[in-house]
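Chemist: Dropping the structure in here first, questions after.
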Amino acid sequence: MLVDTFLGSIEQAASVAREAESGGFAGAFTGEVSADPFLPLVAAASETERLELGTAIAVAFARSPMAVAYTANDLQRASRGRFILGLGSQVRAHIERRFAMPWGRPADQMRDFVLALRAIWQSWSRREPLAFESEHYRHTLMTPMFVPPPHEFGPPPVWVAGVGDVMTRVAGEVADGFVCHAFSTPRWIRERTLPALTAGRERAGKSLEDFTVKATVFLATGSDQEIEAAVAKIRSQVAFYASTSTYRPLLELHGWADLGPELSRLAKAGDWSAMAALIDHDVLDSCAVIAPPDKVDATVKDRYGGLVDRISFWPHESGRLLTCT
């Protein structure tokens, strides 16, 4: 498995990228939470030569495919072919009420989004007319003035994030890689994620051999005090995720079906401390690695070896404690 790290804010990006490259990390990624996910990558690209740089993830439906195509093309050129475009759908409330963008059928919309990106990049590289029309996107105008200058690195790989079977199959069908949600377990990846990805790849006439699966794993390591602090963060984060209906299938797979509705009830009441208290040892042990530094490597390999190709860790400071060998 390749080990990735979190790039951090735009102010931190250059120094974190240099440190990650010298420390042996394979890649450094941003996420779209409270800041733009693309801007830190510009700073990181100018300070590194080997480190892969990417989004895990940028919210696709907050933007048009054309806007993303330009940004991704610029980052691929600036990084000299080291950019990875990771996309996610977010949820309807955020797309419509936070970003004020239209919401369709998310899996079909994501398929159209990725195919639109590929059509735009092909139009630029081949200097041919742009003619992409689908249910969600229509790109039919590209005059020479608006075609970016060519570069030698080709389009970046596109990864898609997902949780449910339908989005996961779409990722297997049209993307180059898949980003597992942090609230996943090895059993979920083995029994639900990989079969859905395989079905999508087969639909496209491909296999998982040329496809990347990336996981983000909850990790508590370090001193006893550091482990205790990380476990508290993880417990709260898992409680937040498990309170939403999106993750009910994972709870059901593990026999925790009653946990979701109770967490939802407490979330509506704003009782966040009570929510965290419901995340017991069995839940934590299934979705998190809790180990001293000298045991982390073996534990991660035992649980995720053969399941994923790349891995990163949350909380991010826990991942930064690891050596990359």
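Following the order of the structure tokens, chains are lettered A, B, ..., residues in each are numbered from 1, and ligands are numbered from 1.
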Give me the region 165-242 of chain A side of the contact with region 286-292 of chain A, cut-off 9 Å, one line per residue showing its nearest atom pair and distance in Å at one decimal, counting only C-alpha atoms, sorted by chain and residue number, as a Markdown table.
Modeler:
```
| residue | atom | partner | partner_atom | distance |
| --- | --- | --- | --- | --- |
| A:Ala182 | CA | A:Cys287 | CA | 8.4 |
| A:Phe183 | CA | A:Cys287 | CA | 6.7 |
| A:Ser184 | CA | A:Cys287 | CA | 6.2 |
| A:Thr185 | CA | A:Cys287 | CA | 4.8 |
| A:Pro186 | CA | A:Cys287 | CA | 7.6 |
| A:Arg187 | CA | A:Ser286 | CA | 8.4 |
| A:Val217 | CA | A:Ala288 | CA | 6.3 |
| A:Phe218 | CA | A:Ala288 | CA | 4.6 |
| A:Leu219 | CA | A:Val289 | CA | 4.8 |
| A:Ala220 | CA | A:Ile290 | CA | 4.7 |
| A:Thr221 | CA | A:Pro292 | CA | 5.0 |
| A:Gly222 | CA | A:Pro292 | CA | 5.6 |
| A:Ser223 | CA | A:Pro292 | CA | 7.1 |
| A:Asp224 | CA | A:Pro292 | CA | 8.1 |
| A:Ile227 | CA | A:Ile290 | CA | 7.3 |
| A:Ala230 | CA | A:Ile290 | CA | 9.0 |
| A:Val231 | CA | A:Ile290 | CA | 7.8 |
| A:Ile234 | CA | A:Ala288 | CA | 7.9 |
| A:Val238 | CA | A:Cys287 | CA | 8.6 |
```
Chemist: Write out the residues from the selection above, keeping N, CA and C atoms, as a JSON list (two decimals), in the first residue's frame.
Modeler:
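Here's the written file result-v7.json:
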```json
[["chain", "number", "residue", "atom", "x", "y", "z"],
["A", 182, "ALA", "N", -14.29, 7.71, 4.93],
["A", 182, "ALA", "CA", -13.58, 7.40, 6.17],
["A", 182, "ALA", "C", -14.39, 6.46, 7.06],
["A", 183, "PHE", "N", -15.72, 6.60, 7.03],
["A", 183, "PHE", "CA", -16.56, 5.69, 7.82],
["A", 183, "PHE", "C", -16.83, 4.43, 7.00],
["A", 184, "SER", "N", -15.78, 3.67, 6.83],
["A", 184, "SER", "CA", -15.85, 2.36, 6.19],
["A", 184, "SER", "C", -15.13, 1.38, 7.11],
["A", 185, "THR", "N", -15.28, 0.12, 6.84],
["A", 185, "THR", "CA", -14.57, -0.91, 7.59],
["A", 185, "THR", "C", -13.97, -1.88, 6.59],
["A", 186, "PRO", "N", -12.96, -2.65, 6.99],
["A", 186, "PRO", "CA", -12.44, -3.65, 6.07],
["A", 186, "PRO", "C", -13.52, -4.60, 5.56],
["A", 187, "ARG", "N", -14.44, -4.98, 6.43],
["A", 187, "ARG", "CA", -15.53, -5.86, 5.98],
["A", 187, "ARG", "C", -16.40, -5.19, 4.94],
["A", 217, "VAL", "N", -8.39, 5.95, 6.87],
["A", 217, "VAL", "CA", -8.63, 5.12, 8.05],
["A", 217, "VAL", "C", -8.53, 5.96, 9.31],
["A", 218, "PHE", "N", -9.50, 5.79, 10.21],
["A", 218, "PHE", "CA", -9.39, 6.41, 11.52],
["A", 218, "PHE", "C", -8.22, 5.77, 12.26],
["A", 219, "LEU", "N", -7.32, 6.60, 12.78],
["A", 219, "LEU", "CA", -6.12, 6.10, 13.45],
["A", 219, "LEU", "C", -5.88, 6.85, 14.75],
["A", 220, "ALA", "N", -5.68, 6.09, 15.82],
["A", 220, "ALA", "CA", -5.27, 6.64, 17.10],
["A", 220, "ALA", "C", -3.95, 5.99, 17.48],
["A", 221, "THR", "N", -2.90, 6.78, 17.53],
["A", 221, "THR", "CA", -1.58, 6.26, 17.87],
["A", 221, "THR", "C", -0.78, 7.34, 18.57],
["A", 222, "GLY", "N", 0.45, 6.98, 19.00],
["A", 222, "GLY", "CA", 1.29, 7.92, 19.72],
["A", 222, "GLY", "C", 1.39, 7.52, 21.18],
["A", 223, "SER", "N", 1.54, 8.50, 22.06],
["A", 223, "SER", "CA", 1.57, 8.24, 23.50],
["A", 223, "SER", "C", 0.17, 7.87, 23.99],
["A", 224, "ASP", "N", 0.10, 7.42, 25.23],
["A", 224, "ASP", "CA", -1.22, 7.08, 25.79],
["A", 224, "ASP", "C", -2.16, 8.29, 25.74],
["A", 227, "ILE", "N", -3.24, 8.88, 22.12],
["A", 227, "ILE", "CA", -4.24, 7.89, 21.71],
["A", 227, "ILE", "C", -5.60, 8.23, 22.30],
["A", 230, "ALA", "N", -7.09, 11.14, 20.39],
["A", 230, "ALA", "CA", -7.53, 10.76, 19.06],
["A", 230, "ALA", "C", -8.79, 9.91, 19.11],
["A", 231, "VAL", "N", -8.88, 9.00, 20.07],
["A", 231, "VAL", "CA", -10.07, 8.16, 20.21],
["A", 231, "VAL", "C", -11.31, 9.02, 20.47],
["A", 234, "ILE", "N", -12.30, 10.50, 17.18],
["A", 234, "ILE", "CA", -12.86, 9.47, 16.30],
["A", 234, "ILE", "C", -14.26, 9.07, 16.76],
["A", 238, "VAL", "N", -17.37, 9.35, 14.23],
["A", 238, "VAL", "CA", -18.13, 8.17, 13.86],
["A", 238, "VAL", "C", -19.60, 8.33, 14.25]]
```
Chemist: If we count only C-alpha atoms and set the cut-off at 10 Å, which residues sit around Leu39 (chain A), ignoring sequence neighbours fewer than 4 positions away in its own chain? Please answer as a PDB file with N, CA and C atoms, in the first residue's frame.
Modeler:
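Printed below is selection.pdb as written:
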```pdb
ATOM      1  N   SER A   9      -3.853  23.565   4.906  1.00  0.00           N
ATOM      2  CA  SER A   9      -4.351  24.823   4.375  1.00  0.00           C
ATOM      3  C   SER A   9      -3.388  25.407   3.350  1.00  0.00           C
ATOM      4  N   ILE A  10      -3.836  26.448   2.680  1.00  0.00           N
ATOM      5  CA  ILE A  10      -2.994  27.084   1.668  1.00  0.00           C
ATOM      6  C   ILE A  10      -1.725  27.670   2.299  1.00  0.00           C
ATOM      7  N   ALA A  13       0.580  24.553   2.908  1.00  0.00           N
ATOM      8  CA  ALA A  13       0.729  23.577   1.834  1.00  0.00           C
ATOM      9  C   ALA A  13       2.168  23.384   1.379  1.00  0.00           C
ATOM     10  N   THR A  30      -5.922  17.205  -0.509  1.00  0.00           N
ATOM     11  CA  THR A  30      -6.792  18.173   0.150  1.00  0.00           C
ATOM     12  C   THR A  30      -8.218  17.633   0.162  1.00  0.00           C
ATOM     13  N   ALA A  35     -12.656  25.270   2.867  1.00  0.00           N
ATOM     14  CA  ALA A  35     -11.750  26.048   2.016  1.00  0.00           C
ATOM     15  C   ALA A  35     -11.720  25.426   0.632  1.00  0.00           C
ATOM     16  N   ALA A  43       0.520  25.729  -4.548  1.00  0.00           N
ATOM     17  CA  ALA A  43       1.709  25.959  -3.734  1.00  0.00           C
ATOM     18  C   ALA A  43       2.527  24.684  -3.593  1.00  0.00           C
ATOM     19  N   ALA A  44       1.854  23.557  -3.396  1.00  0.00           N
ATOM     20  CA  ALA A  44       2.561  22.287  -3.215  1.00  0.00           C
ATOM     21  C   ALA A  44       3.281  21.858  -4.484  1.00  0.00           C
ATOM     22  N   THR A  71      -9.405  23.861 -14.373  1.00  0.00           N
ATOM     23  CA  THR A  71      -8.599  23.831 -13.160  1.00  0.00           C
ATOM     24  C   THR A  71      -7.718  22.588 -13.113  1.00  0.00           C
ATOM     25  N   LEU A  75      -3.583  22.313 -13.083  1.00  0.00           N
ATOM     26  CA  LEU A  75      -2.843  21.637 -12.027  1.00  0.00           C
ATOM     27  C   LEU A  75      -2.018  20.471 -12.563  1.00  0.00           C
TER      28      LEU A  75
END
```
Chemist: Can you measure CA of Arg192 (chain A) to CA of Gly54 (chain A) for me? One decimal in Å is fine.
Modeler: 25.3 Å
Chemist: Could you check which of A:Arg82, A:Lys268, A:His316, A:Lys206 is closest to Val42 (chain A), using only C-alpha atoms?
Modeler: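 Smallest separation from Val42 (chain A) among the options: A:Arg82.
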Chemist: With only C-alpha atoms as the counted atoms, please give the residues lying no more than 8 Å from Phe132 (chain A), apart from itself and same-chain residues fewer than 6 positions off, as a ChimeraX atom specification.
Modeler: /A:116,119,138-140
Chemist: Go ahead and save the residues from that selection, with N, CA and C atoms, as a CSV table (one decimal), in the first residue's frame.
Modeler:
```csv
chain,number,residue,atom,x,y,z
A,116,ALA,N,-18.2,14.1,-19.2
A,116,ALA,CA,-18.1,15.4,-19.8
A,116,ALA,C,-16.6,15.9,-19.7
A,119,ALA,N,-14.6,14.3,-22.4
A,119,ALA,CA,-14.9,14.8,-23.7
A,119,ALA,C,-14.3,16.2,-23.9
A,138,ARG,N,-24.4,19.8,-21.0
A,138,ARG,CA,-24.3,20.0,-22.5
A,138,ARG,C,-23.2,20.9,-22.8
A,139,HIS,N,-22.1,20.4,-23.4
A,139,HIS,CA,-21.0,21.2,-23.8
A,139,HIS,C,-20.8,21.1,-25.3
A,140,THR,N,-21.1,22.1,-26.0
A,140,THR,CA,-21.1,22.0,-27.5
A,140,THR,C,-20.4,23.3,-28.1
```
Chemist: Please extract the residues of region 27-207 of chain A with a backbone DSSP assignment of alpha helix (DSSP H) and present them as number ranges by chain.
Modeler: A: 39-46, 65-78, 92-93, 106-126, 165-174, 186-188, 194-203
Chemist: Put those residues in a file: C-alpha atoms, as a PDB file, in the first residue's frame.
Modeler:
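Just written: result_0.pdb:
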```pdb
ATOM      1  CA  LEU A  39      -5.532  26.352  -4.312  1.00  0.00           C
ATOM      2  CA  PRO A  40      -3.185  24.614  -1.828  1.00  0.00           C
ATOM      3  CA  LEU A  41      -2.139  22.240  -4.603  1.00  0.00           C
ATOM      4  CA  VAL A  42      -0.654  25.128  -6.586  1.00  0.00           C
ATOM      5  CA  ALA A  43       1.709  25.959  -3.734  1.00  0.00           C
ATOM      6  CA  ALA A  44       2.561  22.287  -3.215  1.00  0.00           C
ATOM      7  CA  ALA A  45       3.287  21.667  -6.895  1.00  0.00           C
ATOM      8  CA  SER A  46       5.973  24.348  -7.028  1.00  0.00           C
ATOM      9  CA  PRO A  65     -17.507  20.124 -15.721  1.00  0.00           C
ATOM     10  CA  MET A  66     -15.948  22.877 -17.842  1.00  0.00           C
ATOM     11  CA  ALA A  67     -14.736  24.836 -14.808  1.00  0.00           C
ATOM     12  CA  VAL A  68     -13.243  21.685 -13.278  1.00  0.00           C
ATOM     13  CA  ALA A  69     -11.664  20.688 -16.597  1.00  0.00           C
ATOM     14  CA  TYR A  70      -9.752  23.974 -16.788  1.00  0.00           C
ATOM     15  CA  THR A  71      -8.599  23.831 -13.160  1.00  0.00           C
ATOM     16  CA  ALA A  72      -7.542  20.185 -13.407  1.00  0.00           C
ATOM     17  CA  ASN A  73      -5.687  20.817 -16.641  1.00  0.00           C
ATOM     18  CA  ASP A  74      -3.785  23.725 -15.067  1.00  0.00           C
ATOM     19  CA  LEU A  75      -2.843  21.637 -12.027  1.00  0.00           C
ATOM     20  CA  GLN A  76      -1.738  18.730 -14.181  1.00  0.00           C
ATOM     21  CA  ARG A  77       0.551  21.059 -16.112  1.00  0.00           C
ATOM     22  CA  ALA A  78       1.832  22.870 -13.005  1.00  0.00           C
ATOM     23  CA  ARG A  92     -28.623  17.213  -1.795  1.00  0.00           C
ATOM     24  CA  ALA A  93     -29.083  19.784   1.000  1.00  0.00           C
ATOM     25  CA  PRO A 106     -26.430  11.709  -8.108  1.00  0.00           C
ATOM     26  CA  ALA A 107     -24.941   8.526  -9.548  1.00  0.00           C
ATOM     27  CA  ASP A 108     -26.156   9.289 -13.066  1.00  0.00           C
ATOM     28  CA  GLN A 109     -25.067  12.903 -12.665  1.00  0.00           C
ATOM     29  CA  MET A 110     -21.597  11.796 -11.587  1.00  0.00           C
ATOM     30  CA  ARG A 111     -21.316   9.515 -14.596  1.00  0.00           C
ATOM     31  CA  ASP A 112     -22.261  12.429 -16.850  1.00  0.00           C
ATOM     32  CA  PHE A 113     -19.815  14.723 -15.041  1.00  0.00           C
ATOM     33  CA  VAL A 114     -16.834  12.417 -15.532  1.00  0.00           C
ATOM     34  CA  LEU A 115     -17.738  11.672 -19.150  1.00  0.00           C
ATOM     35  CA  ALA A 116     -18.088  15.407 -19.796  1.00  0.00           C
ATOM     36  CA  LEU A 117     -14.600  16.010 -18.372  1.00  0.00           C
ATOM     37  CA  ARG A 118     -13.139  13.360 -20.643  1.00  0.00           C
ATOM     38  CA  ALA A 119     -14.931  14.811 -23.678  1.00  0.00           C
ATOM     39  CA  ILE A 120     -13.599  18.305 -22.908  1.00  0.00           C
ATOM     40  CA  TRP A 121     -10.029  17.103 -22.439  1.00  0.00           C
ATOM     41  CA  GLN A 122     -10.226  15.060 -25.634  1.00  0.00           C
ATOM     42  CA  SER A 123     -11.506  18.068 -27.539  1.00  0.00           C
ATOM     43  CA  TRP A 124      -8.534  20.103 -26.345  1.00  0.00           C
ATOM     44  CA  SER A 125      -5.895  17.463 -26.974  1.00  0.00           C
ATOM     45  CA  ARG A 126      -7.136  16.476 -30.418  1.00  0.00           C
ATOM     46  CA  ASP A 165     -23.515   0.419  -4.277  1.00  0.00           C
ATOM     47  CA  VAL A 166     -24.889   2.548  -7.128  1.00  0.00           C
ATOM     48  CA  MET A 167     -22.307   5.354  -6.906  1.00  0.00           C
ATOM     49  CA  THR A 168     -19.570   2.779  -6.348  1.00  0.00           C
ATOM     50  CA  ARG A 169     -20.535   0.920  -9.533  1.00  0.00           C
ATOM     51  CA  VAL A 170     -20.492   4.195 -11.466  1.00  0.00           C
ATOM     52  CA  ALA A 171     -17.006   4.907 -10.132  1.00  0.00           C
ATOM     53  CA  GLY A 172     -15.852   1.518 -11.351  1.00  0.00           C
ATOM     54  CA  GLU A 173     -17.413   2.161 -14.734  1.00  0.00           C
ATOM     55  CA  VAL A 174     -16.107   5.641 -15.587  1.00  0.00           C
ATOM     56  CA  PRO A 186     -12.439  -3.653   6.074  1.00  0.00           C
ATOM     57  CA  ARG A 187     -15.526  -5.865   5.982  1.00  0.00           C
ATOM     58  CA  TRP A 188     -17.538  -3.190   4.166  1.00  0.00           C
ATOM     59  CA  LEU A 194     -14.977  -4.201  -4.128  1.00  0.00           C
ATOM     60  CA  PRO A 195     -17.881  -6.244  -5.611  1.00  0.00           C
ATOM     61  CA  ALA A 196     -19.618  -3.028  -6.707  1.00  0.00           C
ATOM     62  CA  LEU A 197     -16.409  -1.672  -8.228  1.00  0.00           C
ATOM     63  CA  THR A 198     -15.848  -4.972 -10.024  1.00  0.00           C
ATOM     64  CA  ALA A 199     -19.362  -4.822 -11.475  1.00  0.00           C
ATOM     65  CA  GLY A 200     -18.724  -1.304 -12.746  1.00  0.00           C
ATOM     66  CA  ARG A 201     -15.389  -2.273 -14.262  1.00  0.00           C
ATOM     67  CA  GLU A 202     -16.965  -5.261 -15.997  1.00  0.00           C
ATOM     68  CA  ARG A 203     -19.641  -3.007 -17.446  1.00  0.00           C
TER      69      ARG A 203
END
```
Chemist: Counting only C-alpha atoms, which of A:Ser79, A:Ser312, A:Ser64, A:Ser273 gets nearest to Glu152 (chain A)?
Modeler: A:Ser79
Chemist: In Å, rounded to a single decimal, give me how far CA of Glu32 (chain A) is from CA of Glu47 (chain A).
Modeler: 21.7 Å
Chemist: Can you list, as a list of chain:residue names, every residue of region 48-159 of chain A that DSSP puts in strand (DSSP E or B)?
Modeler: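 DSSP-assigned strand (DSSP E or B) residues in region 48-159 of chain A: A:Glu52, A:Leu53, A:Gly54, A:Thr55, A:Ala58, A:Val59, A:Phe83, A:Ile84, A:Leu85, A:Gly86, A:Leu87, A:Gly88, A:Phe132, A:Glu133, A:Arg138, A:His139, A:Val158, A:Trp159.
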Chemist: Print the selection's residues with C-alpha atoms to a file, as a PDB file, in the first residue's frame.
Modeler:
```pdb
ATOM      1  CA  GLU A  52       1.501  13.138  -6.136  1.00  0.00           C
ATOM      2  CA  LEU A  53      -1.041  15.854  -5.370  1.00  0.00           C
ATOM      3  CA  GLY A  54      -4.772  15.558  -5.411  1.00  0.00           C
ATOM      4  CA  THR A  55      -8.222  16.305  -4.102  1.00  0.00           C
ATOM      5  CA  ALA A  58     -13.589  18.240  -4.428  1.00  0.00           C
ATOM      6  CA  VAL A  59     -17.366  18.599  -4.645  1.00  0.00           C
ATOM      7  CA  PHE A  83      -2.246  15.711 -10.172  1.00  0.00           C
ATOM      8  CA  ILE A  84      -5.134  13.396  -9.229  1.00  0.00           C
ATOM      9  CA  LEU A  85      -8.681  14.748  -9.480  1.00  0.00           C
ATOM     10  CA  GLY A  86     -10.831  13.207  -6.763  1.00  0.00           C
ATOM     11  CA  LEU A  87     -14.531  14.048  -6.969  1.00  0.00           C
ATOM     12  CA  GLY A  88     -17.477  13.494  -4.675  1.00  0.00           C
ATOM     13  CA  PHE A 132     -20.999  16.360 -25.425  1.00  0.00           C
ATOM     14  CA  GLU A 133     -24.674  16.109 -24.517  1.00  0.00           C
ATOM     15  CA  ARG A 138     -24.341  19.977 -22.480  1.00  0.00           C
ATOM     16  CA  HIS A 139     -20.968  21.180 -23.786  1.00  0.00           C
ATOM     17  CA  VAL A 158     -10.155  10.894 -12.077  1.00  0.00           C
ATOM     18  CA  TRP A 159     -11.180   9.235  -8.834  1.00  0.00           C
TER      19      TRP A 159
END
```
Chemist: To one decimal in Å, tell me the separation between CA of Asp176 (chain A) and CA of Asp302 (chain A).
Modeler: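 One can read the CA of Asp176 (chain A) to CA of Asp302 (chain A) distance as 25.5 Å.
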Chemist: Could you tell me which of A:Val3, A:Leu250, A:Leu51, A:Val179 comes closest to Lys214 (chain A) if we count only C-alpha atoms?
Modeler: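 Comparing A:Val3, A:Leu250, A:Leu51, A:Val179 against Lys214 (chain A), the winner is A:Val179.
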